[in-house]
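Student: Sharing data04.cif, mmCIF, C-alpha atoms:
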data_input
#
loop_
_atom_site.label_atom_id
_atom_site.label_comp_id
_atom_site.auth_asym_id
_atom_site.auth_seq_id
_atom_site.Cartn_x
_atom_site.Cartn_y
_atom_site.Cartn_z
CA MET A 7 54.70 107.17 66.43
CA ALA A 8 56.93 104.59 68.18
CA ILE A 9 54.23 104.04 70.82
CA MET A 10 51.60 103.60 68.09
CA ASN A 11 53.76 101.01 66.29
CA ALA A 12 54.43 99.21 69.56
CA ASN A 13 50.69 98.93 70.24
CA ARG A 14 50.07 97.54 66.78
CA PHE A 15 52.87 95.03 67.29
CA MET A 16 51.35 93.85 70.59
CA VAL A 17 47.92 93.38 68.94
CA LEU A 18 49.55 91.37 66.14
CA VAL A 19 51.40 89.18 68.65
CA ALA A 20 48.19 88.61 70.65
CA SER A 21 46.28 87.54 67.54
CA LEU A 22 49.06 85.17 66.54
CA VAL A 23 49.10 83.65 70.03
CA ALA A 24 45.31 83.21 69.93
CA SER A 25 45.52 81.48 66.57
CA VAL A 26 48.16 79.12 67.93
CA CYS A 27 46.15 78.37 71.06
CA SER A 28 43.09 77.26 69.09
CA PHE A 29 43.26 75.58 65.69
CA ALA A 30 41.31 73.06 63.59
CA GLN A 31 42.39 69.58 62.61
CA VAL A 32 40.94 66.36 61.21
CA ILE A 33 42.04 63.42 63.37
CA ASP A 34 40.99 59.86 62.52
CA GLY A 35 38.16 61.13 60.33
CA ILE A 36 36.64 63.62 62.83
CA TYR A 37 36.95 67.40 62.62
CA TYR A 38 38.07 69.09 65.86
CA LYS A 39 38.93 72.50 67.24
CA LEU A 40 41.97 71.98 69.48
CA ASP A 41 42.68 74.27 72.41
CA ASP A 42 46.37 74.31 73.32
CA ASN A 43 45.75 76.26 76.53
CA ASP A 44 43.27 73.88 78.15
CA LYS A 45 44.32 70.80 76.18
CA VAL A 46 40.74 70.07 75.13
CA ALA A 47 39.28 69.10 71.77
CA LYS A 48 35.81 70.06 70.57
CA VAL A 49 34.05 68.29 67.72
CA ALA A 50 33.30 71.20 65.40
CA TYR A 51 31.40 72.12 62.26
CA LYS A 52 33.51 71.76 59.13
CA GLU A 53 32.71 74.51 56.65
CA PHE A 54 32.02 73.27 53.11
CA LYS A 55 31.80 69.75 54.54
CA ASP A 56 30.89 66.99 52.09
CA PRO A 57 27.51 65.48 53.18
CA ASP A 58 29.26 62.10 53.12
CA PHE A 59 32.12 63.27 55.35
CA TYR A 60 30.61 61.16 58.16
CA THR A 61 29.23 57.77 57.12
CA GLY A 62 28.26 54.55 58.85
CA ASP A 63 29.24 54.09 62.50
CA VAL A 64 31.22 56.97 64.02
CA LYS A 65 32.92 56.63 67.38
CA ILE A 66 34.08 59.79 69.14
CA PRO A 67 37.08 58.99 71.37
CA GLU A 68 37.55 60.32 74.89
CA SER A 69 40.83 61.92 73.83
CA VAL A 70 42.91 62.58 70.71
CA THR A 71 46.60 63.09 70.19
CA TYR A 72 48.10 65.56 67.74
CA GLY A 73 51.73 66.71 67.49
CA GLY A 74 52.59 64.71 70.56
CA VAL A 75 49.94 66.51 72.66
CA THR A 76 46.88 64.71 74.10
CA TYR A 77 43.57 66.59 74.14
CA LYS A 78 40.45 65.56 76.10
CA VAL A 79 37.30 65.60 73.91
CA THR A 80 34.69 67.60 75.87
CA GLU A 81 32.15 69.19 73.49
CA ILE A 82 30.10 68.63 70.35
CA TRP A 83 29.58 72.04 68.76
CA PRO A 84 26.51 73.32 66.83
CA GLN A 85 25.98 71.59 63.46
CA ALA A 86 29.05 69.39 64.01
CA PHE A 87 27.36 66.41 62.31
CA SER A 88 24.45 68.22 60.65
CA CYS A 89 23.12 66.87 57.34
CA SER A 90 25.28 63.74 57.57
CA SER A 91 22.62 61.67 55.83
CA LYS A 92 24.69 58.47 55.86
CA LEU A 93 25.61 58.58 59.54
CA THR A 94 23.96 55.45 60.95
CA SER A 95 25.21 55.47 64.54
CA ILE A 96 27.23 57.66 66.88
CA THR A 97 29.15 56.68 70.01
CA ILE A 98 29.49 59.56 72.47
CA PRO A 99 32.22 59.05 75.08
CA ASN A 100 31.93 59.69 78.79
CA SER A 101 34.17 62.74 78.42
CA ILE A 102 31.60 64.85 76.55
CA GLU A 103 30.08 67.57 78.74
CA VAL A 104 28.27 69.73 76.14
CA ILE A 105 26.03 68.75 73.21
CA SER A 106 25.02 71.92 71.37
CA GLY A 107 21.92 72.82 69.37
CA GLY A 108 21.84 71.28 65.89
CA ALA A 109 24.75 68.95 66.69
CA PHE A 110 23.09 66.03 64.86
CA GLU A 111 20.27 67.78 62.98
CA TYR A 112 18.99 66.20 59.76
CA CYS A 113 20.99 62.98 60.23
CA ASP A 114 18.26 60.93 58.53
CA ALA A 115 19.91 57.53 58.93
CA LEU A 116 20.45 57.90 62.68
CA THR A 117 18.03 55.60 64.54
CA SER A 118 19.29 55.73 68.13
CA ILE A 119 21.47 57.79 70.44
CA TYR A 120 22.93 57.23 73.90
CA ILE A 121 23.65 60.23 76.13
CA PRO A 122 26.46 59.44 78.61
CA ALA A 123 26.55 60.35 82.30
CA SER A 124 29.14 63.08 81.69
CA VAL A 125 26.80 65.41 79.74
CA LYS A 126 26.03 68.57 81.70
CA SER A 127 24.45 70.63 78.91
CA PHE A 128 22.14 69.32 76.18
CA ALA A 129 20.60 71.95 73.87
CA GLY A 130 17.17 71.75 72.30
CA GLY A 131 17.21 71.01 68.59
CA ALA A 132 20.35 68.87 68.83
CA LEU A 133 18.44 66.08 67.05
CA ARG A 134 16.07 68.19 64.95
CA GLY A 135 15.00 66.57 61.70
CA CYS A 136 16.42 63.13 62.55
CA ASN A 137 13.40 61.53 60.94
CA ASN A 138 14.23 57.89 61.65
CA LEU A 139 15.32 58.39 65.26
CA THR A 140 13.29 56.05 67.48
CA SER A 141 15.47 55.59 70.56
CA ILE A 142 16.93 58.19 72.95
CA VAL A 143 18.56 56.81 76.08
CA VAL A 144 20.16 58.86 78.83
CA ASP A 145 22.63 57.03 81.06
CA LYS A 146 21.10 56.38 84.49
CA GLY A 147 24.18 57.86 86.11
CA ASN A 148 23.57 61.28 84.55
CA LYS A 149 22.61 63.78 87.26
CA ASN A 150 21.43 66.50 84.87
CA TYR A 151 19.10 64.61 82.51
CA TYR A 152 17.02 61.44 82.42
CA SER A 153 14.92 59.42 79.98
CA ASN A 154 13.52 56.49 82.03
CA GLY A 155 12.25 54.68 78.92
CA SER A 156 10.51 57.77 77.50
CA ASN A 157 12.77 58.09 74.42
CA ALA A 158 13.38 61.72 75.33
CA VAL A 159 15.93 63.94 77.04
CA ILE A 160 14.37 65.45 80.18
CA GLU A 161 16.12 67.93 82.46
CA THR A 162 16.31 66.61 86.02
CA GLY A 163 16.08 69.90 87.93
CA THR A 164 13.12 71.36 86.03
CA ASN A 165 11.48 68.27 84.47
CA ASN A 166 11.53 70.12 81.14
CA LEU A 167 11.47 67.89 78.08
CA ILE A 168 14.37 69.14 75.95
CA GLN A 169 14.40 66.66 73.06
CA GLY A 170 11.96 64.06 71.81
CA CYS A 171 11.61 61.75 68.81
CA GLY A 172 8.95 59.83 66.90
CA LYS A 173 8.63 57.18 69.62
CA THR A 174 8.58 59.50 72.64
CA VAL A 175 6.08 58.72 75.41
CA ILE A 176 5.86 61.80 77.63
CA PRO A 177 5.91 60.73 81.30
CA ASN A 178 3.72 62.48 83.88
CA THR A 179 6.83 63.92 85.52
CA VAL A 180 7.27 66.42 82.67
CA THR A 181 6.07 69.96 83.38
CA ARG A 182 7.22 71.78 80.24
CA ILE A 183 7.97 70.89 76.62
CA GLU A 184 10.74 73.13 75.36
CA TRP A 185 11.06 75.01 72.09
CA LEU A 186 12.46 72.73 69.31
CA ALA A 187 11.77 69.55 71.31
CA PHE A 188 9.90 67.91 68.40
CA GLU A 189 10.34 70.45 65.60
CA GLU A 190 10.47 68.86 62.12
CA CYS A 191 10.05 65.36 63.56
CA GLU A 192 8.52 63.70 60.49
CA SER A 193 8.21 60.28 62.17
CA LEU A 194 5.85 61.63 64.86
CA THR A 195 2.25 60.70 63.99
CA SER A 196 0.48 61.09 67.34
CA ILE A 197 1.28 62.33 70.83
CA VAL A 198 -0.37 62.26 74.25
CA ILE A 199 0.48 65.19 76.52
CA PRO A 200 -0.25 64.44 80.21
CA SER A 201 -1.89 66.85 82.64
CA SER A 202 1.44 67.41 84.40
CA VAL A 203 2.57 69.55 81.44
CA THR A 204 1.78 73.19 82.19
CA GLN A 205 3.65 74.87 79.32
CA ILE A 206 4.35 74.03 75.68
CA ASP A 207 6.76 76.30 73.83
CA GLY A 208 6.52 76.10 70.04
CA SER A 209 7.47 72.46 70.35
CA PHE A 210 5.77 70.70 67.42
CA ALA A 211 6.23 73.06 64.47
CA ALA A 212 6.58 71.38 61.06
CA CYS A 213 5.79 67.86 62.32
CA ILE A 214 4.26 67.21 58.92
CA ASN A 215 2.91 63.71 59.68
CA LEU A 216 1.43 64.50 63.10
CA LYS A 217 -2.28 63.65 62.82
CA SER A 218 -3.64 63.69 66.36
CA ILE A 219 -2.78 65.29 69.69
CA THR A 220 -4.34 64.42 73.03
CA LEU A 221 -3.98 67.26 75.51
CA HIS A 222 -5.07 66.31 79.03
CA ASP A 223 -6.26 69.18 81.20
CA GLY A 224 -3.69 71.08 83.20
CA GLY A 225 -2.75 74.71 83.76
CA LYS A 226 -1.48 74.86 80.22
CA LYS A 227 0.14 77.72 78.35
CA ILE A 228 0.65 76.93 74.69
CA GLY A 229 3.14 79.24 72.97
CA ARG A 230 3.07 80.80 69.52
CA ASN A 231 3.91 78.58 66.53
CA THR A 232 3.45 75.44 68.63
CA PHE A 233 1.66 73.49 65.86
CA ASP A 234 2.69 75.72 62.96
CA SER A 235 2.84 73.82 59.63
CA CYS A 236 1.55 70.52 61.06
CA ILE A 237 -0.08 69.91 57.70
CA SER A 238 -1.53 66.48 58.60
CA LEU A 239 -3.10 67.51 61.92
CA GLU A 240 -6.74 66.44 61.83
CA SER A 241 -7.84 66.61 65.45
CA ILE A 242 -6.91 68.22 68.73
CA THR A 243 -8.82 68.86 71.95
CA LEU A 244 -7.62 72.01 73.67
CA PRO A 245 -7.42 72.11 77.49
CA SER A 246 -10.65 73.38 79.06
CA ASN A 247 -8.70 75.96 81.10
CA LEU A 248 -6.62 77.38 78.23
CA LYS A 249 -6.52 81.18 78.46
CA GLU A 250 -4.95 82.19 75.14
CA ILE A 251 -4.53 80.92 71.60
CA GLU A 252 -1.31 82.64 70.58
CA ALA A 253 -0.22 83.92 67.17
CA TYR A 254 0.52 81.30 64.50
CA MET A 255 -0.43 78.47 66.87
CA PHE A 256 -2.16 76.48 64.10
CA ALA A 257 -0.90 78.37 61.04
CA GLY A 258 -0.67 76.10 58.02
CA CYS A 259 -2.64 73.22 59.56
CA LYS A 260 -4.46 72.61 56.30
CA SER A 261 -5.97 69.24 57.35
CA LEU A 262 -7.72 70.70 60.41
CA LYS A 263 -11.46 70.68 59.69
CA GLU A 264 -12.91 71.83 63.02
CA ILE A 265 -11.81 73.26 66.33
CA THR A 266 -13.49 73.89 69.68
CA ILE A 267 -12.32 76.98 71.55
CA PRO A 268 -12.74 76.59 75.33
CA ALA A 269 -14.83 79.14 77.24
CA THR A 270 -11.74 80.16 79.22
CA VAL A 271 -9.92 81.53 76.16
CA LYS A 272 -9.75 85.33 76.44
CA SER A 273 -7.60 86.19 73.43
CA ILE A 274 -6.81 84.71 70.02
CA GLY A 275 -3.68 85.93 68.26
CA VAL A 276 -3.07 87.13 64.73
CA TYR A 277 -2.57 84.35 62.14
CA ALA A 278 -3.57 81.74 64.76
CA PHE A 279 -5.48 79.76 62.10
CA GLU A 280 -3.92 81.31 58.99
CA GLY A 281 -3.64 78.78 56.17
CA CYS A 282 -6.19 76.42 57.74
CA ASN A 283 -8.01 76.28 54.42
CA ASN A 284 -10.27 73.37 55.36
CA LEU A 285 -11.37 74.68 58.75
CA ALA A 286 -15.11 74.49 58.09
CA LYS A 287 -16.45 74.54 61.65
CA VAL A 288 -15.45 76.58 64.68
CA THR A 289 -17.20 76.02 68.00
CA ASN A 290 -16.58 78.85 70.46
CA LEU A 291 -17.72 78.08 74.00
CA SER A 292 -17.27 81.64 75.20
CA ALA A 293 -20.49 83.62 75.61
CA THR A 294 -18.46 86.80 74.97
CA PRO A 295 -16.73 87.20 71.58
CA GLN A 296 -12.97 87.60 71.89
CA THR A 297 -11.15 90.34 70.00
CA ILE A 298 -9.64 88.80 66.87
CA TYR A 299 -7.97 90.02 63.68
CA TYR A 300 -8.90 89.65 60.02
CA GLN A 301 -5.77 87.52 59.68
CA THR A 302 -6.71 85.19 62.56
CA PHE A 303 -8.70 82.93 60.20
CA THR A 304 -8.20 82.28 56.50
CA THR A 305 -11.68 80.81 56.01
CA PHE A 306 -14.98 81.76 57.63
CA GLY A 307 -17.28 78.73 57.64
CA ASP A 308 -19.78 77.69 60.31
CA LEU A 309 -19.53 79.24 63.76
CA ILE A 310 -21.29 77.54 66.67
CA VAL A 311 -21.71 79.63 69.83
CA PRO A 312 -23.59 79.28 73.12
CA GLU A 313 -27.34 79.73 72.79
CA GLY A 314 -28.20 83.37 73.42
CA ALA A 315 -24.81 84.67 72.23
CA GLU A 316 -25.65 84.70 68.51
CA GLU A 317 -26.31 88.44 68.25
CA ALA A 318 -23.14 89.30 70.12
CA TYR A 319 -21.09 87.38 67.56
CA LYS A 320 -23.07 88.74 64.60
CA ASN A 321 -22.19 92.25 65.76
CA ALA A 322 -18.59 91.52 66.73
CA PRO A 323 -15.76 92.66 64.43
CA VAL A 324 -14.41 89.82 62.26
CA TRP A 325 -16.60 87.16 63.89
CA GLN A 326 -19.50 88.63 61.92
CA HIS A 327 -17.86 87.44 58.68
CA PHE A 328 -18.50 83.77 59.40
CA THR A 329 -20.91 82.31 56.82
CA THR A 330 -23.32 81.03 59.45
CA ILE A 331 -23.53 81.84 63.15
CA VAL A 332 -25.70 79.42 65.08
CA GLY A 333 -26.46 79.32 68.80
CA LYS A 334 -26.85 75.90 70.38
CA PRO A 335 -27.34 74.59 73.90
CA LEU A 336 -23.79 73.23 73.91
CA SER A 337 -23.63 69.89 75.69
CA SER A 338 -21.37 69.45 78.67
CA GLY A 339 -21.07 65.72 78.12
CA ILE A 340 -22.39 65.06 81.65
CA VAL A 341 -24.69 62.05 81.87
CA SER A 342 -26.32 63.04 85.15
CA LEU A 343 -26.17 65.81 87.69
CA MET A 344 -26.59 65.39 91.41
CA GLY A 345 -27.91 68.30 93.39
CA SER A 346 -30.53 69.50 90.91
CA ASP A 347 -33.17 69.20 93.61
CA SER A 348 -33.68 72.40 95.59
CA ASN A 349 -32.84 70.55 98.81
CA GLN A 350 -29.50 69.42 97.44
CA PRO A 351 -26.29 71.50 97.42
CA THR A 352 -25.48 73.59 94.35
CA VAL A 353 -23.45 71.71 91.74
CA VAL A 354 -21.47 73.67 89.13
CA TYR A 355 -19.82 72.37 85.96
CA ASP A 356 -18.26 74.01 82.94
CA LEU A 357 -19.23 72.96 79.42
CA LEU A 358 -16.62 70.21 79.34
CA GLY A 359 -17.80 68.57 82.54
CA LYS A 360 -15.22 69.95 84.96
CA ARG A 361 -16.69 70.63 88.41
CA PHE A 362 -16.17 73.92 90.27
CA PRO A 363 -17.08 74.99 93.81
CA ALA A 364 -18.83 78.12 92.48
CA PRO A 365 -19.97 79.54 89.11
CA GLN A 366 -17.11 80.83 86.93
CA LYS A 367 -17.10 83.75 84.51
CA GLY A 368 -18.78 82.67 81.27
CA LEU A 369 -21.29 79.89 80.67
CA ASN A 370 -21.89 77.44 83.54
CA ILE A 371 -24.21 74.50 84.20
CA VAL A 372 -25.65 75.03 87.66
CA ASN A 373 -27.89 72.26 88.97
CA GLY A 374 -28.58 71.21 85.40
CA LYS A 375 -29.40 74.70 84.10
CA LYS A 376 -27.34 77.12 81.99
CA VAL A 377 -26.14 80.19 83.84
CA VAL A 378 -24.03 82.97 82.28
CA VAL A 379 -21.76 84.90 84.65
CA LYS A 380 -20.38 88.17 83.31
#
How does this structure look as structure tokens?
Tutor:
Amino acid sequence: MAIMNANRFMVLVASLVASVCSFAQVIDGIYYKLDDNDKVAKVAYKEFKDPDFYTGDVKIPESVTYGGVTYKVTEIWPQAFSCSSKLTSITIPNSIEVISGGAFEYCDALTSIYIPASVKSFAGGALRGCNNLTSIVVDKGNKNYYSNGSNAVIETGTNNLIQGCGKTVIPNTVTRIEWLAFEECESLTSIVIPSSVTQIDGSFAACINLKSITLHDGGKKIGRNTFDSCISLESITLPSNLKEIEAYMFAGCKSLKEITIPATVKSIGVYAFEGCNNLAKVTNLSATPQTIYYQTFTTFGDLIVPEGAEEAYKNAPVWQHFTTIVGKPLSSGIVSLMGSDSNQPTVVYDLLGKRFPAPQKGLNIVNGKKVVVK
């Protein structure tokens, strides 16, 4: 019994020590978690915080003093400033090493942010829903991230775009657009994605004013939910070498009236076009119908397919429910073709005008004539 009581006493002492080592305090109008062991302060989320707790211009100091002890300010925790609708500017000191996800989310009055050289970790979604944010600048001395006039936070080692805003211009150094990079960015109305980008991960969900997207060809993988709930999206040209349209990719895009599915697409996920109530025309460049689900489309309007593939689509599950299925000699957009003479070398293009050294699986244009390779 004595041993049992002793163990309980030790646990109680340990918990008391832990509570002493880390405690919360408001200092000069900013809420911190103070660590007595490491003598560091972390800007933290204040539970039941008044939305007006942070207003106007807020300057985070490099250090704070409490009870005669000086603490270095090193982190901005998740949701630390979230929903501070009257926060107009924030000064981040050169002592901050970590900016966590959601740190400044939904700060509607925030128009610009400067990321100092000291930041080693910047999480996606840190500026989610900052609808008036137009300027993101990363200090040129930062070794982990850069912006170079792009109005974005880009990771140096990977060239992944971590955070963008309504005025972001994606440079051709970027190879991947991370999850949450533009999510709920209401000020974004159009975006050009260069061919250097090979992967997009659910990056533009709920950008409700995004109307047009230009996707230059590249080895692109576009993840699920990427354009989910982009209710103003009217036009998008998918990369000619896209292999998959993942689940929920365009769910809720109620302004989308037509879409062209590249011949390279082999699978289309469930709910990919769910809620696209005005999608009246689908052009599918694949000569072979992909397997789809009843929930892939909400509406079944006009379906345009390669000439000669009409019966395949009329007999294919789900595709057969489109109101009209019409085969057309789909134009490649090529003005002229060299090599159509029998004495000239064979010239191969896909339907979007991209040249290949040999015919590819699907529909090709070989020396000016349609050729299907199965």
Student: Skipping near chain neighbours, those fewer than 4 positions away, what residues fall within 10 Å of Lys52 of chain A using only C-alpha atoms, listed as a count of residues only?
Tutor: 13
Student: Which residues, protein or nucleic acid, reach to within 12 Å of (13.5, 56.5, 80.9) in the file's coordinates when using all atoms listed in the file, and can you give that as a CSV table (one decimal) with C-alpha atoms, in the coordinates of the input?
Tutor:
chain,number,residue,atom,x,y,z
A,120,TYR,CA,22.9,57.2,73.9
A,121,ILE,CA,23.6,60.2,76.1
A,141,SER,CA,15.5,55.6,70.6
A,142,ILE,CA,16.9,58.2,73.0
A,143,VAL,CA,18.6,56.8,76.1
A,144,VAL,CA,20.2,58.9,78.8
A,145,ASP,CA,22.6,57.0,81.1
A,146,LYS,CA,21.1,56.4,84.5
A,147,GLY,CA,24.2,57.9,86.1
A,148,ASN,CA,23.6,61.3,84.6
A,151,TYR,CA,19.1,64.6,82.5
A,152,TYR,CA,17.0,61.4,82.4
A,153,SER,CA,14.9,59.4,80.0
A,154,ASN,CA,13.5,56.5,82.0
A,155,GLY,CA,12.2,54.7,78.9
A,156,SER,CA,10.5,57.8,77.5
A,157,ASN,CA,12.8,58.1,74.4
A,158,ALA,CA,13.4,61.7,75.3
A,159,VAL,CA,15.9,63.9,77.0
A,160,ILE,CA,14.4,65.4,80.2
A,161,GLU,CA,16.1,67.9,82.5
A,162,THR,CA,16.3,66.6,86.0
A,167,LEU,CA,11.5,67.9,78.1
A,170,GLY,CA,12.0,64.1,71.8
A,174,THR,CA,8.6,59.5,72.6
A,175,VAL,CA,6.1,58.7,75.4
A,176,ILE,CA,5.9,61.8,77.6
A,177,PRO,CA,5.9,60.7,81.3
A,178,ASN,CA,3.7,62.5,83.9
A,179,THR,CA,6.8,63.9,85.5
A,180,VAL,CA,7.3,66.4,82.7
Student: Name the residues, using the chain letters and numbers of the file, that sit within 8 Å of (30.6, 64.9, 76.2) when counting all atoms listed in the file, and give them as a PyMOL selection string.
Tutor: chain A and resi 79-82+98-105+122+124-125
Student: Please, what distance in Å, to one decimal, runs between atom CA of Ile219 of chain A and atom CA of Ile371 of chain A?
Tutor: 27.5 Å
Student: So, with only C-alpha atoms as the atoms that count, which of A:Phe328, A:Phe233, A:Phe110, A:Phe210 lies closest to Leu309 of chain A?
Tutor: A:Phe328
Student: Could you tell me which residues the PyMOL selection byres ((chain A and resi 221) around 8) returns for this structure, as a ChimeraX atom specification?
Tutor: /A:198-201,219-220,222-223,242-245
Student: What does the distance from atom CA of Gly131 of chain A to atom CA of Asp34 of chain A come to in Å, to one decimal?
Tutor: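 Computing it gives 27.0 Å between the two atoms.
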Student: Could you tell me how far atom CA of Ala286 of chain A sits from atom CA of Gly307 of chain A, in Å to one decimal place?
Tutor: 4.8 Å
Student: Nearest to Thr204 of chain A: which of A:Ile237, A:Leu248, A:Val70, A:Val311 is it, counting only C-alpha atoms?
Tutor: A:Leu248
Student: Between A:Gln301, A:Cys27, A:Gly35, A:Thr294, which residue has the minimum interatomic distance to Tyr319 of chain A, considering all atoms listed in the file?
Tutor: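 Smallest distance to Tyr319 of chain A is found for A:Thr294.
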Student: Written as a list in words, which residues does the PyMOL selection byres ((chain A and resi 292) around 10) give for the file shown?
Tutor: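 That expression, the PyMOL selection byres ((chain A and resi 292) around 10), corresponds here to Ile267, Pro268, Ala269, Thr270, Val271, Lys272, Thr289, Asn290, Leu291, Ala293, Thr294, Pro295, Gln296, Val311, Pro312, Ala315, Leu357, Lys367, Gly368, Leu369 and Val378 of chain A.
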Student: Can you tell me which residues surround segment 250-254 of chain A at a distance of at most 12 Å, considering all atoms listed in the file, apart from same-chain residues fewer than 3 positions away, and format the answer as a ChimeraX atom specification?
Tutor: /A:206-208,211,225-236,244-247,257-259,265-282,296-299,301-304
Student: Since I can't run it myself right now, could you work out what the PyMOL selection byres ((chain A and resi 58) around 8) selects here and report it as a PyMOL selection string?
Tutor: chain A and resi 56-57+59-61+90-92
Student: For Phe29 of chain A, which of A:Phe128, A:Tyr72, A:Phe54, A:Trp83 is the closest residue, counting only C-alpha atoms?
Tutor: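 Closest residue, counting only C-alpha atoms: A:Tyr72.
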Student: Mind checking which residues fall within 7 Å of Gly107 of chain A, counting all atoms listed in the file, ignoring those fewer than 5 positions away in the same chain, and posting them as number ranges by chain?
Tutor: A: 84, 129-132
Student: Name the residues in contact with Asn43 of chain A at a cut-off of 9 Å, using all atoms listed in the file, excluding same-chain residues fewer than 2 positions from it; report them as a ChimeraX atom specification.
Tutor: /A:27-28,41,45-46
Student: May I have the residues within 12 Å of Gly73 of chain A as a PDB file with C-alpha atoms, in the frame of the given file, using all atoms listed in the file and disregarding those fewer than 4 positions away in the same chain?
Tutor:
ATOM      1  CA  GLN A  31      42.390  69.580  62.610  1.00  0.00           C
ATOM      2  CA  ILE A  33      42.040  63.420  63.370  1.00  0.00           C
ATOM      3  CA  LEU A  40      41.970  71.980  69.480  1.00  0.00           C
ATOM      4  CA  ASP A  42      46.370  74.310  73.320  1.00  0.00           C
ATOM      5  CA  TYR A  77      43.570  66.590  74.140  1.00  0.00           C
TER       6      TYR A  77
END
Student: Nearest residue to Thr181 of chain A out of A:Val75, A:Asn166, A:Leu216, A:Ala318, using only C-alpha atoms?
Tutor: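 Of all the options, A:Asn166 lies closest to Thr181 of chain A.
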Student: For N, CA and C atoms, please extract segment 78-89 of chain A from the block and return it as a PDB file, in the first residue's frame.
Tutor:
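Output saved as part-v6.pdb:
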ATOM      1  N   LYS A  78      12.434  33.635 -25.429  1.00  0.00           N
ATOM      2  CA  LYS A  78      12.568  33.876 -26.872  1.00  0.00           C
ATOM      3  C   LYS A  78      11.304  33.390 -27.575  1.00  0.00           C
ATOM      4  N   VAL A  79      10.719  34.210 -28.440  1.00  0.00           N
ATOM      5  CA  VAL A  79       9.488  33.850 -29.164  1.00  0.00           C
ATOM      6  C   VAL A  79       9.881  33.089 -30.424  1.00  0.00           C
ATOM      7  N   THR A  80       9.508  31.799 -30.500  1.00  0.00           N
ATOM      8  CA  THR A  80      10.007  30.933 -31.583  1.00  0.00           C
ATOM      9  C   THR A  80       8.933  30.339 -32.492  1.00  0.00           C
ATOM     10  N   GLU A  81       7.662  30.306 -32.051  1.00  0.00           N
ATOM     11  CA  GLU A  81       6.638  29.619 -32.847  1.00  0.00           C
ATOM     12  C   GLU A  81       5.326  30.390 -32.855  1.00  0.00           C
ATOM     13  N   ILE A  82       4.573  30.191 -33.942  1.00  0.00           N
ATOM     14  CA  ILE A  82       3.175  30.631 -34.010  1.00  0.00           C
ATOM     15  C   ILE A  82       2.349  29.369 -34.189  1.00  0.00           C
ATOM     16  N   TRP A  83       1.567  29.032 -33.191  1.00  0.00           N
ATOM     17  CA  TRP A  83       0.845  27.764 -33.150  1.00  0.00           C
ATOM     18  C   TRP A  83      -0.395  27.780 -34.047  1.00  0.00           C
ATOM     19  N   PRO A  84      -0.995  26.583 -34.292  1.00  0.00           N
ATOM     20  CA  PRO A  84      -2.222  26.517 -35.097  1.00  0.00           C
ATOM     21  C   PRO A  84      -3.332  27.400 -34.538  1.00  0.00           C
ATOM     22  N   GLN A  85      -4.003  28.133 -35.431  1.00  0.00           N
ATOM     23  CA  GLN A  85      -5.147  28.980 -35.109  1.00  0.00           C
ATOM     24  C   GLN A  85      -4.819  30.113 -34.130  1.00  0.00           C
ATOM     25  N   ALA A  86      -3.540  30.439 -33.971  1.00  0.00           N
ATOM     26  CA  ALA A  86      -3.154  31.477 -33.013  1.00  0.00           C
ATOM     27  C   ALA A  86      -3.890  32.795 -33.263  1.00  0.00           C
ATOM     28  N   PHE A  87      -4.000  33.190 -34.545  1.00  0.00           N
ATOM     29  CA  PHE A  87      -4.680  34.445 -34.889  1.00  0.00           C
ATOM     30  C   PHE A  87      -5.954  34.203 -35.697  1.00  0.00           C
ATOM     31  N   SER A  88      -6.432  32.985 -35.758  1.00  0.00           N
ATOM     32  CA  SER A  88      -7.560  32.653 -36.630  1.00  0.00           C
ATOM     33  C   SER A  88      -8.796  33.484 -36.317  1.00  0.00           C
ATOM     34  N   CYS A  89      -9.501  33.858 -37.400  1.00  0.00           N
ATOM     35  CA  CYS A  89     -10.774  34.592 -37.301  1.00  0.00           C
ATOM     36  C   CYS A  89     -10.620  35.973 -36.671  1.00  0.00           C
TER      37      CYS A  89
END
